[in-house]
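Chemist: Coordinates in my_file.cif, mmCIF, N, CA and C atoms and all ligand atoms, are listed below.
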```cif
data_run
#
loop_
_atom_site.group_PDB
_atom_site.id
_atom_site.type_symbol
_atom_site.label_atom_id
_atom_site.label_comp_id
_atom_site.auth_asym_id
_atom_site.auth_seq_id
_atom_site.Cartn_x
_atom_site.Cartn_y
_atom_site.Cartn_z
ATOM 1 N N MET A 1 2.215 14.420 -18.042
ATOM 2 C CA MET A 1 2.348 13.921 -16.669
ATOM 3 C C MET A 1 1.312 12.824 -16.423
ATOM 4 N N SER A 2 1.784 11.664 -16.126
ATOM 5 C CA SER A 2 0.867 10.553 -15.889
ATOM 6 C C SER A 2 0.375 10.587 -14.444
ATOM 7 N N SER A 3 -0.867 10.211 -14.288
ATOM 8 C CA SER A 3 -1.423 10.265 -12.939
ATOM 9 C C SER A 3 -1.253 8.928 -12.249
ATOM 10 N N ILE A 4 -1.027 9.017 -10.981
ATOM 11 C CA ILE A 4 -0.918 7.812 -10.170
ATOM 12 C C ILE A 4 -2.307 7.226 -9.989
ATOM 13 N N ARG A 5 -2.418 5.961 -10.209
ATOM 14 C CA ARG A 5 -3.693 5.285 -10.000
ATOM 15 C C ARG A 5 -3.549 4.321 -8.823
ATOM 16 N N TYR A 6 -4.713 3.869 -8.375
ATOM 17 C CA TYR A 6 -4.716 3.131 -7.125
ATOM 18 C C TYR A 6 -5.791 2.060 -7.179
ATOM 19 N N CYS A 7 -5.460 0.860 -6.789
ATOM 20 C CA CYS A 7 -6.452 -0.205 -6.731
ATOM 21 C C CYS A 7 -7.004 -0.276 -5.312
ATOM 22 N N PRO A 8 -8.283 0.045 -5.142
ATOM 23 C CA PRO A 8 -8.871 0.015 -3.796
ATOM 24 C C PRO A 8 -9.007 -1.404 -3.254
ATOM 25 N N VAL A 9 -8.952 -2.383 -4.126
ATOM 26 C CA VAL A 9 -9.080 -3.773 -3.690
ATOM 27 C C VAL A 9 -7.761 -4.256 -3.096
ATOM 28 N N CYS A 10 -6.694 -4.079 -3.860
ATOM 29 C CA CYS A 10 -5.376 -4.557 -3.409
ATOM 30 C C CYS A 10 -4.648 -3.520 -2.562
ATOM 31 N N LYS A 11 -5.172 -2.279 -2.578
ATOM 32 C CA LYS A 11 -4.504 -1.181 -1.887
ATOM 33 C C LYS A 11 -3.075 -1.022 -2.405
ATOM 34 N N GLU A 12 -2.969 -1.041 -3.747
ATOM 35 C CA GLU A 12 -1.664 -0.895 -4.379
ATOM 36 C C GLU A 12 -1.712 0.275 -5.355
ATOM 37 N N TYR A 13 -0.621 0.990 -5.459
ATOM 38 C CA TYR A 13 -0.517 2.059 -6.429
ATOM 39 C C TYR A 13 -0.011 1.478 -7.740
ATOM 40 N N THR A 14 -0.518 2.015 -8.854
ATOM 41 C CA THR A 14 -0.125 1.538 -10.165
ATOM 42 C C THR A 14 -0.279 2.664 -11.165
ATOM 43 N N LEU A 15 0.236 2.468 -12.353
ATOM 44 C CA LEU A 15 0.024 3.440 -13.428
ATOM 45 C C LEU A 15 -0.963 2.898 -14.447
ATOM 46 N N GLU A 16 -1.401 1.675 -14.267
ATOM 47 C CA GLU A 16 -2.300 1.021 -15.215
ATOM 48 C C GLU A 16 -3.757 1.317 -14.879
ATOM 49 N N GLU A 17 -4.586 1.302 -15.933
ATOM 50 C CA GLU A 17 -6.018 1.501 -15.688
ATOM 51 C C GLU A 17 -6.643 0.256 -15.081
ATOM 52 N N LYS A 18 -6.028 -0.883 -15.377
ATOM 53 C CA LYS A 18 -6.496 -2.133 -14.785
ATOM 54 C C LYS A 18 -5.427 -2.646 -13.837
ATOM 55 N N CYS A 19 -5.866 -3.092 -12.705
ATOM 56 C CA CYS A 19 -4.928 -3.622 -11.723
ATOM 57 C C CYS A 19 -4.287 -4.895 -12.267
ATOM 58 N N ARG A 20 -2.965 -4.958 -12.157
ATOM 59 C CA ARG A 20 -2.272 -6.149 -12.658
ATOM 60 C C ARG A 20 -2.432 -7.325 -11.709
ATOM 61 N N VAL A 21 -2.846 -7.057 -10.496
ATOM 62 C CA VAL A 21 -2.988 -8.136 -9.509
ATOM 63 C C VAL A 21 -4.369 -8.769 -9.595
ATOM 64 N N CYS A 22 -5.429 -7.938 -9.507
ATOM 65 C CA CYS A 22 -6.780 -8.481 -9.449
ATOM 66 C C CYS A 22 -7.561 -8.222 -10.733
ATOM 67 N N GLY A 23 -7.004 -7.400 -11.653
ATOM 68 C CA GLY A 23 -7.687 -7.142 -12.914
ATOM 69 C C GLY A 23 -8.831 -6.156 -12.809
ATOM 70 N N GLY A 24 -9.021 -5.592 -11.641
ATOM 71 C CA GLY A 24 -10.114 -4.637 -11.438
ATOM 72 C C GLY A 24 -9.736 -3.244 -11.905
ATOM 73 N N ASN A 25 -10.715 -2.389 -11.960
ATOM 74 C CA ASN A 25 -10.476 -1.005 -12.356
ATOM 75 C C ASN A 25 -9.766 -0.250 -11.237
ATOM 76 N N THR A 26 -8.807 0.558 -11.643
ATOM 77 C CA THR A 26 -8.123 1.398 -10.665
ATOM 78 C C THR A 26 -8.692 2.806 -10.735
ATOM 79 N N VAL A 27 -8.469 3.554 -9.705
ATOM 80 C CA VAL A 27 -8.966 4.921 -9.647
ATOM 81 C C VAL A 27 -7.777 5.879 -9.618
ATOM 82 N N VAL A 28 -8.003 7.081 -10.119
ATOM 83 C CA VAL A 28 -6.950 8.088 -10.089
ATOM 84 C C VAL A 28 -6.768 8.567 -8.662
ATOM 85 N N LYS A 29 -5.543 8.508 -8.234
ATOM 86 C CA LYS A 29 -5.247 8.918 -6.872
ATOM 87 C C LYS A 29 -4.863 10.385 -6.896
ATOM 88 N N LYS A 30 -5.706 11.191 -6.306
ATOM 89 C CA LYS A 30 -5.416 12.620 -6.252
ATOM 90 C C LYS A 30 -4.474 12.906 -5.094
ATOM 91 N N PRO A 31 -3.823 14.047 -5.146
ATOM 92 C CA PRO A 31 -2.945 14.414 -4.030
ATOM 93 C C PRO A 31 -3.668 14.278 -2.700
ATOM 94 N N ALA A 32 -3.044 13.581 -1.798
ATOM 95 C CA ALA A 32 -3.719 13.195 -0.558
ATOM 96 C C ALA A 32 -3.776 14.351 0.431
ATOM 97 N N ARG A 33 -4.383 15.441 -0.010
ATOM 98 C CA ARG A 33 -4.438 16.611 0.855
ATOM 99 C C ARG A 33 -5.353 16.362 2.051
ATOM 100 N N PHE A 34 -6.383 15.557 1.798
ATOM 101 C CA PHE A 34 -7.387 15.357 2.848
ATOM 102 C C PHE A 34 -7.231 14.017 3.557
ATOM 103 N N SER A 35 -6.233 13.245 3.171
ATOM 104 C CA SER A 35 -6.090 11.947 3.831
ATOM 105 C C SER A 35 -4.638 11.700 4.212
ATOM 106 N N PRO A 36 -4.173 12.391 5.232
ATOM 107 C CA PRO A 36 -2.791 12.196 5.692
ATOM 108 C C PRO A 36 -2.549 10.779 6.173
ATOM 109 N N GLU A 37 -3.587 10.116 6.627
ATOM 110 C CA GLU A 37 -3.419 8.742 7.093
ATOM 111 C C GLU A 37 -2.985 7.830 5.953
ATOM 112 N N ASP A 38 -3.575 8.065 4.773
ATOM 113 C CA ASP A 38 -3.246 7.230 3.630
ATOM 114 C C ASP A 38 -1.791 7.421 3.231
ATOM 115 N N ARG A 39 -1.338 8.654 3.238
ATOM 116 C CA ARG A 39 0.066 8.901 2.900
ATOM 117 C C ARG A 39 0.976 8.240 3.915
ATOM 118 N N TYR A 40 0.614 8.372 5.137
ATOM 119 C CA TYR A 40 1.425 7.784 6.191
ATOM 120 C C TYR A 40 1.454 6.262 6.043
ATOM 121 N N GLY A 41 0.299 5.689 5.686
ATOM 122 C CA GLY A 41 0.219 4.252 5.512
ATOM 123 C C GLY A 41 1.130 3.751 4.410
ATOM 124 N N SER A 42 1.115 4.417 3.261
ATOM 125 C CA SER A 42 1.954 3.957 2.160
ATOM 126 C C SER A 42 3.427 4.182 2.487
ATOM 127 N N TYR A 43 3.703 5.203 3.253
ATOM 128 C CA TYR A 43 5.083 5.451 3.669
ATOM 129 C C TYR A 43 5.577 4.304 4.542
ATOM 130 N N ARG A 44 4.714 3.866 5.434
ATOM 131 C CA ARG A 44 5.099 2.754 6.308
ATOM 132 C C ARG A 44 5.302 1.471 5.513
ATOM 133 N N VAL A 45 4.473 1.276 4.500
ATOM 134 C CA VAL A 45 4.603 0.072 3.691
ATOM 135 C C VAL A 45 5.947 0.054 2.981
ATOM 136 N N SER A 46 6.344 1.195 2.416
ATOM 137 C CA SER A 46 7.614 1.220 1.699
ATOM 138 C C SER A 46 8.770 1.047 2.673
ATOM 139 N N LEU A 47 8.630 1.556 3.849
ATOM 140 C CA LEU A 47 9.667 1.357 4.857
ATOM 141 C C LEU A 47 9.805 -0.119 5.189
ATOM 142 N N LYS A 48 8.673 -0.782 5.342
ATOM 143 C CA LYS A 48 8.698 -2.203 5.654
ATOM 144 C C LYS A 48 9.406 -2.992 4.569
ATOM 145 N N ARG A 49 9.102 -2.646 3.319
ATOM 146 C CA ARG A 49 9.727 -3.358 2.213
ATOM 147 C C ARG A 49 11.225 -3.130 2.210
ATOM 148 N N MET A 50 11.647 -1.919 2.512
ATOM 149 C CA MET A 50 13.080 -1.639 2.536
ATOM 150 C C MET A 50 13.766 -2.455 3.609
ATOM 151 N N GLU A 51 13.127 -2.517 4.768
ATOM 152 C CA GLU A 51 13.706 -3.284 5.862
ATOM 153 C C GLU A 51 13.907 -4.732 5.475
ATOM 154 N N ARG A 52 12.878 -5.290 4.828
ATOM 155 C CA ARG A 52 12.954 -6.704 4.480
ATOM 156 C C ARG A 52 14.046 -6.960 3.452
ATOM 157 N N SER A 53 14.155 -6.091 2.447
ATOM 158 C CA SER A 53 15.145 -6.363 1.408
ATOM 159 C C SER A 53 16.556 -6.170 1.945
ATOM 160 N N GLU A 54 16.702 -5.301 2.939
ATOM 161 C CA GLU A 54 18.031 -5.105 3.510
ATOM 162 C C GLU A 54 18.367 -6.229 4.491
ATOM 163 N N GLY A 55 17.357 -6.737 5.157
ATOM 164 C CA GLY A 55 17.585 -7.727 6.192
ATOM 165 C C GLY A 55 18.049 -9.072 5.646
ATOM 166 N N THR A 56 17.630 -9.416 4.466
ATOM 167 C CA THR A 56 17.978 -10.745 3.971
ATOM 168 C C THR A 56 19.214 -10.732 3.093
HETATM 169 ZN ZN ZN B 101 -6.132 -4.978 -7.549
#
```
Can the structure in the file be given as structure tokens, please?
Modeler:
Amino acid sequence: MSSIRYCPVCKEYTLEEKCRVCGGNTVVKKPARFSPEDRYGSYRVSLKRMERSEGT
């Protein structure tokens, strides 16, 4: 099972140890038990992307 990693600079989720956007080190993203805001935030981001791809 591969762990989800996260770039704190770009605020992007990735599976790579190095961020493909900024080249920085990513951190392992643990289950967001203590940060419901973060989960909610990424949920909103994916919703936004869906809206845009459907709209055009
Ligand atoms: Zn990055």
Chemist: List as an MDAnalysis selection string the protein and nucleic acid residues lying within 10 Å of ligand ZN 101 (chain B), with only C-alpha atoms and all ligand atoms counted.
Modeler: chainID A and resid 6:14 18:26
Chemist: One decimal, in Å: what's the spacing between atom N of Ile4 (chain A) and atom N of Ser53 (chain A)?
Modeler: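 Result for atom N of Ile4 (chain A) versus atom N of Ser53 (chain A): 25.3 Å, one decimal.
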Chemist: Give me, please, the distance in Å between atom N of Leu15 (chain A) and atom C of Val27 (chain A), quoted to one decimal.
Modeler: 9.1 Å
Chemist: Show me, as AutoDock Vina command-line options, the centre and edge lengths in Å to one decimal of the axis-aligned box that covers every listed atom of region 26-29 of chain A with 8 Å on each side.
Modeler:
```
--center_x -6.9 --center_y 5.5 --center_z -9.3 --size_x 20.1 --size_y 25.8 --size_z 20.8
```
Chemist: Report, in Å to a single decimal, how far apart atom C of Arg52 (chain A) and atom N of Ser3 (chain A) are.
Modeler: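 One can read the atom N of Ser3 (chain A) to atom C of Arg52 (chain A) distance as 28.8 Å.
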